[in-house]
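*Asks:* So here's data-v4.pdb, just PDB, C-alpha atoms and all ligand atoms:
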```pdb
ATOM      1  CA  MET A 203      12.802 -24.284 -13.229  1.00  0.00           C
ATOM      2  CA  ASN A 204      14.070 -22.427 -10.156  1.00  0.00           C
ATOM      3  CA  GLU A 205      12.682 -19.126  -8.885  1.00  0.00           C
ATOM      4  CA  SER A 206      15.523 -16.945 -10.198  1.00  0.00           C
ATOM      5  CA  LEU A 207      15.206 -18.291 -13.733  1.00  0.00           C
ATOM      6  CA  GLN A 208      11.437 -17.952 -13.499  1.00  0.00           C
ATOM      7  CA  THR A 209      11.861 -14.257 -12.631  1.00  0.00           C
ATOM      8  CA  ILE A 210      14.231 -13.665 -15.552  1.00  0.00           C
ATOM      9  CA  LEU A 211      12.125 -15.554 -18.091  1.00  0.00           C
ATOM     10  CA  THR A 212       8.753 -14.015 -17.135  1.00  0.00           C
ATOM     11  CA  ARG A 213       9.773 -10.352 -16.752  1.00  0.00           C
ATOM     12  CA  ARG A 214       7.943  -8.014 -19.130  1.00  0.00           C
ATOM     13  CA  SER A 215       7.663  -4.253 -19.439  1.00  0.00           C
ATOM     14  CA  ILE A 216       4.621  -3.126 -17.434  1.00  0.00           C
ATOM     15  CA  ARG A 217       3.156   0.293 -18.177  1.00  0.00           C
ATOM     16  CA  LYS A 218      -0.248   0.225 -16.417  1.00  0.00           C
ATOM     17  CA  TYR A 219      -0.433   0.385 -12.638  1.00  0.00           C
ATOM     18  CA  SER A 220      -2.908   0.571  -9.764  1.00  0.00           C
ATOM     19  CA  ASP A 221      -2.802   3.432  -7.230  1.00  0.00           C
ATOM     20  CA  GLN A 222      -1.291   1.215  -4.521  1.00  0.00           C
ATOM     21  CA  PRO A 223       1.848   2.767  -3.031  1.00  0.00           C
ATOM     22  CA  ILE A 224       5.102   0.803  -2.759  1.00  0.00           C
ATOM     23  CA  SER A 225       6.456   0.058   0.720  1.00  0.00           C
ATOM     24  CA  GLU A 226       9.835   1.373   1.877  1.00  0.00           C
ATOM     25  CA  ASP A 227      10.883  -2.245   2.322  1.00  0.00           C
ATOM     26  CA  HIS A 228      10.246  -3.002  -1.363  1.00  0.00           C
ATOM     27  CA  VAL A 229      12.044   0.187  -2.409  1.00  0.00           C
ATOM     28  CA  GLN A 230      15.053  -0.929  -0.342  1.00  0.00           C
ATOM     29  CA  TRP A 231      15.139  -4.363  -1.995  1.00  0.00           C
ATOM     30  CA  MET A 232      15.083  -2.812  -5.453  1.00  0.00           C
ATOM     31  CA  LEU A 233      17.900  -0.417  -4.570  1.00  0.00           C
ATOM     32  CA  ARG A 234      19.917  -3.243  -3.016  1.00  0.00           C
ATOM     33  CA  ALA A 235      19.443  -5.234  -6.211  1.00  0.00           C
ATOM     34  CA  GLY A 236      20.577  -2.253  -8.305  1.00  0.00           C
ATOM     35  CA  MET A 237      23.670  -1.754  -6.185  1.00  0.00           C
ATOM     36  CA  SER A 238      24.489  -5.481  -6.362  1.00  0.00           C
ATOM     37  CA  ALA A 239      25.052  -5.273 -10.102  1.00  0.00           C
ATOM     38  CA  PRO A 240      28.478  -6.113 -11.523  1.00  0.00           C
ATOM     39  CA  SER A 241      30.554  -3.112 -12.613  1.00  0.00           C
ATOM     40  CA  ALA A 242      33.909  -2.781 -14.367  1.00  0.00           C
ATOM     41  CA  GLY A 243      36.641  -2.852 -11.728  1.00  0.00           C
ATOM     42  CA  ASN A 244      33.822  -2.759  -9.148  1.00  0.00           C
ATOM     43  CA  GLU A 245      33.622   0.998  -9.737  1.00  0.00           C
ATOM     44  CA  GLN A 246      29.871   1.246  -8.976  1.00  0.00           C
ATOM     45  CA  PRO A 247      29.460   4.528 -10.881  1.00  0.00           C
ATOM     46  CA  TRP A 248      25.787   4.999  -9.991  1.00  0.00           C
ATOM     47  CA  GLU A 249      23.450   7.155  -7.921  1.00  0.00           C
ATOM     48  CA  PHE A 250      19.674   6.734  -7.665  1.00  0.00           C
ATOM     49  CA  ILE A 251      16.931   9.362  -7.398  1.00  0.00           C
ATOM     50  CA  LEU A 252      13.559   8.184  -6.059  1.00  0.00           C
ATOM     51  CA  ILE A 253      10.583  10.115  -7.429  1.00  0.00           C
ATOM     52  CA  THR A 254       7.062   9.662  -6.036  1.00  0.00           C
ATOM     53  CA  ASN A 255       5.823  13.235  -6.442  1.00  0.00           C
ATOM     54  CA  HIS A 256       3.139  13.122  -9.135  1.00  0.00           C
ATOM     55  CA  ASP A 257       3.624  16.726 -10.224  1.00  0.00           C
ATOM     56  CA  LYS A 258       7.225  15.831 -11.060  1.00  0.00           C
ATOM     57  CA  LEU A 259       6.362  12.507 -12.713  1.00  0.00           C
ATOM     58  CA  LYS A 260       3.777  14.254 -14.904  1.00  0.00           C
ATOM     59  CA  ARG A 261       6.412  16.662 -16.230  1.00  0.00           C
ATOM     60  CA  VAL A 262       8.679  13.946 -17.689  1.00  0.00           C
ATOM     61  CA  PRO A 263       6.515  13.338 -20.834  1.00  0.00           C
ATOM     62  CA  GLU A 264       7.082  17.023 -21.745  1.00  0.00           C
ATOM     63  CA  PHE A 265      10.628  16.092 -22.799  1.00  0.00           C
ATOM     64  CA  HIS A 266      10.501  12.276 -23.032  1.00  0.00           C
ATOM     65  CA  PRO A 267       8.064  11.105 -25.746  1.00  0.00           C
ATOM     66  CA  TYR A 268       7.699   7.499 -24.534  1.00  0.00           C
ATOM     67  CA  SER A 269       7.180   8.046 -20.825  1.00  0.00           C
ATOM     68  CA  LYS A 270       3.418   8.619 -20.443  1.00  0.00           C
ATOM     69  CA  MET A 271       3.108   5.632 -18.089  1.00  0.00           C
ATOM     70  CA  LEU A 272       4.941   7.691 -15.441  1.00  0.00           C
ATOM     71  CA  THR A 273       1.751   9.708 -14.893  1.00  0.00           C
ATOM     72  CA  GLY A 274       0.246   6.546 -13.324  1.00  0.00           C
ATOM     73  CA  ALA A 275       3.366   5.189 -11.620  1.00  0.00           C
ATOM     74  CA  ALA A 276       3.707   4.913  -7.848  1.00  0.00           C
ATOM     75  CA  LEU A 277       7.457   5.367  -8.076  1.00  0.00           C
ATOM     76  CA  ALA A 278      10.199   6.128 -10.557  1.00  0.00           C
ATOM     77  CA  ILE A 279      13.850   5.398  -9.963  1.00  0.00           C
ATOM     78  CA  LEU A 280      16.254   7.493 -12.002  1.00  0.00           C
ATOM     79  CA  VAL A 281      19.620   5.808 -12.412  1.00  0.00           C
ATOM     80  CA  VAL A 282      22.272   8.527 -12.608  1.00  0.00           C
ATOM     81  CA  ALA A 283      25.819   7.775 -13.763  1.00  0.00           C
ATOM     82  CA  ASP A 284      28.897   9.296 -12.169  1.00  0.00           C
ATOM     83  CA  PRO A 285      31.499   8.882 -14.967  1.00  0.00           C
ATOM     84  CA  ALA A 286      34.254  10.267 -12.703  1.00  0.00           C
ATOM     85  CA  LYS A 287      34.107   6.981 -10.746  1.00  0.00           C
ATOM     86  CA  VAL A 288      35.363   5.041 -13.779  1.00  0.00           C
ATOM     87  CA  LYS A 289      38.934   3.846 -13.296  1.00  0.00           C
ATOM     88  CA  TYR A 290      39.777   3.535 -16.963  1.00  0.00           C
ATOM     89  CA  GLU A 291      40.671   5.993 -19.695  1.00  0.00           C
ATOM     90  CA  GLY A 292      40.094   6.447 -23.410  1.00  0.00           C
ATOM     91  CA  GLU A 293      37.377   4.261 -24.914  1.00  0.00           C
ATOM     92  CA  MET A 294      37.178   2.243 -21.694  1.00  0.00           C
ATOM     93  CA  GLN A 295      35.972   5.359 -19.863  1.00  0.00           C
ATOM     94  CA  GLN A 296      32.567   4.569 -21.374  1.00  0.00           C
ATOM     95  CA  LEU A 297      32.206   1.417 -19.265  1.00  0.00           C
ATOM     96  CA  TRP A 298      29.793   3.279 -16.952  1.00  0.00           C
ATOM     97  CA  ILE A 299      27.154   2.652 -19.638  1.00  0.00           C
ATOM     98  CA  GLN A 300      27.364  -1.125 -19.133  1.00  0.00           C
ATOM     99  CA  ASP A 301      27.563  -0.704 -15.348  1.00  0.00           C
ATOM    100  CA  CYS A 302      24.416   1.421 -15.187  1.00  0.00           C
ATOM    101  CA  SER A 303      22.628  -0.933 -17.601  1.00  0.00           C
ATOM    102  CA  ALA A 304      23.369  -3.862 -15.290  1.00  0.00           C
ATOM    103  CA  ALA A 305      22.045  -1.878 -12.297  1.00  0.00           C
ATOM    104  CA  THR A 306      18.896  -0.968 -14.240  1.00  0.00           C
ATOM    105  CA  GLN A 307      18.237  -4.582 -15.220  1.00  0.00           C
ATOM    106  CA  ASN A 308      18.755  -5.754 -11.632  1.00  0.00           C
ATOM    107  CA  ILE A 309      16.115  -3.259 -10.456  1.00  0.00           C
ATOM    108  CA  LEU A 310      13.667  -4.491 -13.122  1.00  0.00           C
ATOM    109  CA  LEU A 311      14.175  -8.084 -12.012  1.00  0.00           C
ATOM    110  CA  ALA A 312      13.826  -7.219  -8.322  1.00  0.00           C
ATOM    111  CA  ALA A 313      10.604  -5.313  -9.049  1.00  0.00           C
ATOM    112  CA  HIS A 314       9.177  -8.291 -10.927  1.00  0.00           C
ATOM    113  CA  SER A 315      10.142 -10.756  -8.207  1.00  0.00           C
ATOM    114  CA  LEU A 316       8.381  -8.528  -5.609  1.00  0.00           C
ATOM    115  CA  GLY A 317       5.129  -8.627  -7.614  1.00  0.00           C
ATOM    116  CA  LEU A 318       5.614  -5.121  -9.010  1.00  0.00           C
ATOM    117  CA  GLY A 319       5.527  -4.092 -12.658  1.00  0.00           C
ATOM    118  CA  ALA A 320       8.254  -1.946 -14.161  1.00  0.00           C
ATOM    119  CA  VAL A 321       9.623  -0.629 -17.427  1.00  0.00           C
ATOM    120  CA  TRP A 322      13.037   0.749 -18.414  1.00  0.00           C
ATOM    121  CA  LEU A 323      12.848   4.196 -20.015  1.00  0.00           C
ATOM    122  CA  GLY A 324      15.935   5.224 -21.918  1.00  0.00           C
ATOM    123  CA  VAL A 325      17.378   8.639 -21.076  1.00  0.00           C
ATOM    124  CA  TYR A 326      21.054   8.501 -22.083  1.00  0.00           C
ATOM    125  CA  PRO A 327      22.230   9.174 -24.826  1.00  0.00           C
ATOM    126  CA  ASP A 328      19.328  11.450 -25.841  1.00  0.00           C
ATOM    127  CA  PRO A 329      20.434  15.060 -25.057  1.00  0.00           C
ATOM    128  CA  SER A 330      16.958  16.561 -24.573  1.00  0.00           C
ATOM    129  CA  ARG A 331      15.868  13.760 -22.210  1.00  0.00           C
ATOM    130  CA  GLN A 332      19.089  14.186 -20.222  1.00  0.00           C
ATOM    131  CA  ASN A 333      18.667  17.954 -20.009  1.00  0.00           C
ATOM    132  CA  GLY A 334      14.996  17.607 -19.072  1.00  0.00           C
ATOM    133  CA  MET A 335      15.863  15.293 -16.166  1.00  0.00           C
ATOM    134  CA  ARG A 336      18.752  17.540 -15.147  1.00  0.00           C
ATOM    135  CA  GLU A 337      16.514  20.595 -14.898  1.00  0.00           C
ATOM    136  CA  LEU A 338      13.584  18.784 -13.272  1.00  0.00           C
ATOM    137  CA  LEU A 339      15.673  17.208 -10.500  1.00  0.00           C
ATOM    138  CA  ASN A 340      18.565  19.647 -10.148  1.00  0.00           C
ATOM    139  CA  ILE A 341      21.193  17.120 -11.228  1.00  0.00           C
ATOM    140  CA  PRO A 342      24.791  18.429 -11.342  1.00  0.00           C
ATOM    141  CA  GLU A 343      26.490  18.852 -14.737  1.00  0.00           C
ATOM    142  CA  ASP A 344      29.099  16.151 -14.093  1.00  0.00           C
ATOM    143  CA  MET A 345      26.423  13.479 -13.510  1.00  0.00           C
ATOM    144  CA  VAL A 346      24.602  11.733 -16.364  1.00  0.00           C
ATOM    145  CA  PRO A 347      20.869  10.884 -16.086  1.00  0.00           C
ATOM    146  CA  PHE A 348      20.971   7.364 -17.525  1.00  0.00           C
ATOM    147  CA  SER A 349      17.622   5.550 -17.263  1.00  0.00           C
ATOM    148  CA  ILE A 350      14.251   5.908 -15.560  1.00  0.00           C
ATOM    149  CA  ILE A 351      12.510   2.848 -14.159  1.00  0.00           C
ATOM    150  CA  SER A 352       8.755   3.366 -13.947  1.00  0.00           C
ATOM    151  CA  ILE A 353       7.245   1.163 -11.220  1.00  0.00           C
ATOM    152  CA  GLY A 354       3.845   0.277  -9.751  1.00  0.00           C
ATOM    153  CA  TYR A 355       1.530  -2.627  -8.990  1.00  0.00           C
ATOM    154  CA  PRO A 356       0.604  -4.102 -12.384  1.00  0.00           C
ATOM    155  CA  ILE A 357      -2.953  -4.004 -13.727  1.00  0.00           C
ATOM    156  CA  GLU A 358      -2.128  -5.333 -17.208  1.00  0.00           C
ATOM    157  CA  PRO A 359      -1.667  -9.069 -17.653  1.00  0.00           C
ATOM    158  CA  LYS A 360       1.379  -9.953 -19.713  1.00  0.00           C
ATOM    159  CA  GLN A 361       2.515 -13.352 -20.820  1.00  0.00           C
ATOM    160  CA  ALA A 362       6.147 -14.320 -20.743  1.00  0.00           C
ATOM    161  CA  ALA A 363       7.725 -13.757 -24.159  1.00  0.00           C
ATOM    162  CA  ASP A 364       9.714 -16.740 -25.374  1.00  0.00           C
ATOM    163  CA  ARG A 365      12.484 -15.188 -27.445  1.00  0.00           C
ATOM    164  CA  TYR A 366      14.754 -18.184 -27.522  1.00  0.00           C
ATOM    165  CA  ASP A 367      16.181 -18.325 -31.035  1.00  0.00           C
ATOM    166  CA  GLU A 368      18.484 -21.152 -31.972  1.00  0.00           C
ATOM    167  CA  THR A 369      19.624 -19.287 -35.117  1.00  0.00           C
ATOM    168  CA  ARG A 370      21.353 -16.624 -32.967  1.00  0.00           C
ATOM    169  CA  ILE A 371      23.645 -19.163 -31.383  1.00  0.00           C
ATOM    170  CA  HIS A 372      27.064 -19.838 -32.833  1.00  0.00           C
ATOM    171  CA  ARG A 373      29.080 -22.695 -31.471  1.00  0.00           C
ATOM    172  CA  GLU A 374      32.861 -22.414 -31.301  1.00  0.00           C
ATOM    173  CA  ILE A 375      32.998 -20.094 -34.387  1.00  0.00           C
ATOM    174  CA  TRP A 376      30.655 -17.476 -36.042  1.00  0.00           C
TER     175      TRP A 376
HETATM  176  C1  LIG B 401      17.593   0.901 -23.322  1.00  0.00           C
HETATM  177  C2  LIG B 401      16.092   0.742 -23.288  1.00  0.00           C
HETATM  178  C3  LIG B 401      15.288   1.843 -23.444  1.00  0.00           C
HETATM  179  C4  LIG B 401      13.897   1.713 -23.384  1.00  0.00           C
HETATM  180  N1  LIG B 401      13.127   2.838 -23.472  1.00  0.00           N
HETATM  181  C5  LIG B 401      11.783   2.733 -23.366  1.00  0.00           C
HETATM  182  C6  LIG B 401      10.973   3.908 -23.368  1.00  0.00           C
HETATM  183  O1  LIG B 401      11.478   5.032 -23.464  1.00  0.00           O
HETATM  184  N2  LIG B 401       9.633   3.762 -23.232  1.00  0.00           N
HETATM  185  C7  LIG B 401       9.040   2.519 -23.116  1.00  0.00           C
HETATM  186  O2  LIG B 401       7.812   2.469 -23.008  1.00  0.00           O
HETATM  187  N3  LIG B 401       9.789   1.378 -23.102  1.00  0.00           N
HETATM  188  C8  LIG B 401      11.136   1.451 -23.210  1.00  0.00           C
HETATM  189  N4  LIG B 401      11.912   0.323 -23.148  1.00  0.00           N
HETATM  190  C9  LIG B 401      11.280  -0.997 -22.969  1.00  0.00           C
HETATM  191  C10 LIG B 401      11.251  -1.815 -24.282  1.00  0.00           C
HETATM  192  O3  LIG B 401      10.300  -1.277 -25.146  1.00  0.00           O
HETATM  193  C11 LIG B 401      10.942  -3.278 -23.944  1.00  0.00           C
HETATM  194  O4  LIG B 401      11.916  -3.789 -23.068  1.00  0.00           O
HETATM  195  C12 LIG B 401      10.889  -4.158 -25.199  1.00  0.00           C
HETATM  196  O5  LIG B 401       9.818  -3.780 -26.033  1.00  0.00           O
HETATM  197  C13 LIG B 401      10.763  -5.653 -24.863  1.00  0.00           C
HETATM  198  O6  LIG B 401       9.581  -5.893 -24.120  1.00  0.00           O
HETATM  199  P1  LIG B 401       9.610  -6.547 -22.652  1.00  0.00           P
HETATM  200  O7  LIG B 401      10.444  -5.636 -21.768  1.00  0.00           O
HETATM  201  O8  LIG B 401       8.162  -6.607 -22.230  1.00  0.00           O
HETATM  202  O9  LIG B 401      10.237  -7.893 -22.746  1.00  0.00           O
HETATM  203  C14 LIG B 401      13.301   0.432 -23.198  1.00  0.00           C
HETATM  204  C15 LIG B 401      14.134  -0.678 -23.026  1.00  0.00           C
HETATM  205  C16 LIG B 401      15.514  -0.542 -23.043  1.00  0.00           C
HETATM  206  C17 LIG B 401      16.389  -1.738 -22.802  1.00  0.00           C
END
```
Mind turning the file's structure into structure tokens?
Ligand SMILES: Cc1cc2nc3c(=O)[nH]c(=O)nc-3n(C[C@H](O)[C@H](O)[C@H](O)COP(=O)(O)O)c2cc1C

*Replies:*
Amino acid sequence: MNESLQTILTRRSIRKYSDQPISEDHVQWMLRAGMSAPSAGNEQPWEFILITNHDKLKRVPEFHPYSKMLTGAALAILVVADPAKVKYEGEMQQLWIQDCSAATQNILLAAHSLGLGAVWLGVYPDPSRQNGMRELLNIPEDMVPFSIISIGYPIEPKQAADRYDETRIHREIW
């Protein structure tokens, strides 16, 4: 198996971290990976907020019930959507959701390949999580806080999860 497949197949959500800080170089690679994601019409409707301040990280669980791991994280990256960048109208205007999901997944994979542990925390579409992030980080009304990626050096061992399921595969027809 090659290294890229190895990274994809062994990634797990990591929620326990050491105190070791993350280098600027590693942060750059993760952001580059995020910005390399595919997006509809190459619209790239994303912005990223880096959060290392522990007083701020500790406030997130006040409005996000499944985010306690942030209190021990070295870094969080908030993926923020800019829906105005979407080139399409009507139902297709929602394509920023897929775009920002792809960016989030790329960051998770980059973190894992750099020896970091990370977990995706859902923000959108929950209104109170979105408002909490908006107020905490002064995010403008026309931007949408989409996901938080909690990151640090892992101190919990996690096995790869083999979720391959032949019964989910349909060949040529449902
Ligand atoms: C859209 C989305 C939202 C998630 N939100 C949370 C969350 O709020 N808190 C959390 O601890 N994990 C969250 N997760 C991580 C999932 O719990 C995790 O990916 C899933 O249990 C599979 O485990 P694995 O990532 O280790 O393979 C989220 C994952 C996704 C894709």

*Asks:* Let me see if you get this right: every residue at most 12 Å from ligand LIG 401 (chain B), counting all atoms listed in the file, written as a PyMOL selection string.

*Replies:* chain A and resi 210-218+262-263+265-272+299-300+302-307+310-311+314+319-328+331+348-353+358-365

*Asks:* Just C-alpha atoms for this one: save the residues we selected as a CSV table (one decimal), in the coordinates of the input.

*Replies:*
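Wrote it out as selection-v2.csv, contents follow:
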```csv
chain,number,residue,atom,x,y,z
A,210,ILE,CA,14.2,-13.7,-15.6
A,211,LEU,CA,12.1,-15.6,-18.1
A,212,THR,CA,8.8,-14.0,-17.1
A,213,ARG,CA,9.8,-10.4,-16.8
A,214,ARG,CA,7.9,-8.0,-19.1
A,215,SER,CA,7.7,-4.3,-19.4
A,216,ILE,CA,4.6,-3.1,-17.4
A,217,ARG,CA,3.2,0.3,-18.2
A,218,LYS,CA,-0.2,0.2,-16.4
A,262,VAL,CA,8.7,13.9,-17.7
A,263,PRO,CA,6.5,13.3,-20.8
A,265,PHE,CA,10.6,16.1,-22.8
A,266,HIS,CA,10.5,12.3,-23.0
A,267,PRO,CA,8.1,11.1,-25.7
A,268,TYR,CA,7.7,7.5,-24.5
A,269,SER,CA,7.2,8.0,-20.8
A,270,LYS,CA,3.4,8.6,-20.4
A,271,MET,CA,3.1,5.6,-18.1
A,272,LEU,CA,4.9,7.7,-15.4
A,299,ILE,CA,27.2,2.7,-19.6
A,300,GLN,CA,27.4,-1.1,-19.1
A,302,CYS,CA,24.4,1.4,-15.2
A,303,SER,CA,22.6,-0.9,-17.6
A,304,ALA,CA,23.4,-3.9,-15.3
A,305,ALA,CA,22.0,-1.9,-12.3
A,306,THR,CA,18.9,-1.0,-14.2
A,307,GLN,CA,18.2,-4.6,-15.2
A,310,LEU,CA,13.7,-4.5,-13.1
A,311,LEU,CA,14.2,-8.1,-12.0
A,314,HIS,CA,9.2,-8.3,-10.9
A,319,GLY,CA,5.5,-4.1,-12.7
A,320,ALA,CA,8.3,-1.9,-14.2
A,321,VAL,CA,9.6,-0.6,-17.4
A,322,TRP,CA,13.0,0.7,-18.4
A,323,LEU,CA,12.8,4.2,-20.0
A,324,GLY,CA,15.9,5.2,-21.9
A,325,VAL,CA,17.4,8.6,-21.1
A,326,TYR,CA,21.1,8.5,-22.1
A,327,PRO,CA,22.2,9.2,-24.8
A,328,ASP,CA,19.3,11.4,-25.8
A,331,ARG,CA,15.9,13.8,-22.2
A,348,PHE,CA,21.0,7.4,-17.5
A,349,SER,CA,17.6,5.6,-17.3
A,350,ILE,CA,14.3,5.9,-15.6
A,351,ILE,CA,12.5,2.8,-14.2
A,352,SER,CA,8.8,3.4,-13.9
A,353,ILE,CA,7.2,1.2,-11.2
A,358,GLU,CA,-2.1,-5.3,-17.2
A,359,PRO,CA,-1.7,-9.1,-17.7
A,360,LYS,CA,1.4,-10.0,-19.7
A,361,GLN,CA,2.5,-13.4,-20.8
A,362,ALA,CA,6.1,-14.3,-20.7
A,363,ALA,CA,7.7,-13.8,-24.2
A,364,ASP,CA,9.7,-16.7,-25.4
A,365,ARG,CA,12.5,-15.2,-27.4
```

*Asks:* Give me, please, the distance in Å between atom CA of His228 of chain A and atom CA of Gly317 of chain A, quoted to one decimal.

*Replies:* 9.8 Å

*Asks:* Let me make sure I understand: among A:Glu226, A:Glu374, A:Asp257, A:Asp284, which one has the smallest atom-to-atom distance to Asp344 of chain A if we use all atoms listed in the file?

*Replies:*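 For Asp344 of chain A, the nearest of the given residues is A:Asp284.
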
*Asks:* Do you know which residues are at most 8 Å from Trp298 of chain A counting all atoms listed in the file, after dropping those on the same chain fewer than 2 positions away, and could you put them as a count of residues only?

*Replies:* 12

*Asks:* I'd like the interatomic distance between atom CA of Glu249 of chain A and atom CA of Glu264 of chain A, to a tenth of an Å.

*Replies:*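 Computed distance, atom CA of Glu249 of chain A to atom CA of Glu264 of chain A, equals 23.6 Å.
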
*Asks:* Of the residues A:Ala313, A:Glu343, A:Lys287, A:Pro329, which is the one nearest to Gln230 of chain A, using all atoms listed in the file?

*Replies:* A:Ala313

*Asks:* Would you kindly translate the PyMOL selection byres (((chain A and resi 259) around 9) and not hetatm) into the concrete residues it picks from this file, as a PyMOL selection string?

*Replies:* chain A and resi 253-258+260-263+272-275+277-278

*Asks:* Given all atoms listed in the file as the basis, pick out the residue of A:Ser220, A:Tyr355, A:Glu291, A:Ile251 nearest to Ser315 of chain A.

*Replies:*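 The answer is A:Tyr355, which sits nearest to Ser315 of chain A.
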
*Asks:* Tell me, in Å to one decimal, how far atom CA of Met335 of chain A is from atom CA of Pro347 of chain A.

*Replies:*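 Distance reported for this atom pair: 6.7 Å.
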
*Asks:* Compare A:Trp248, A:Met203, A:Ser238, A:Leu318 by their minimum atom-to-atom distance to Gly354 of chain A, counting all atoms listed in the file, and give me the closest one.

*Replies:*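 That would be A:Leu318, the residue with the smallest distance to Gly354 of chain A.
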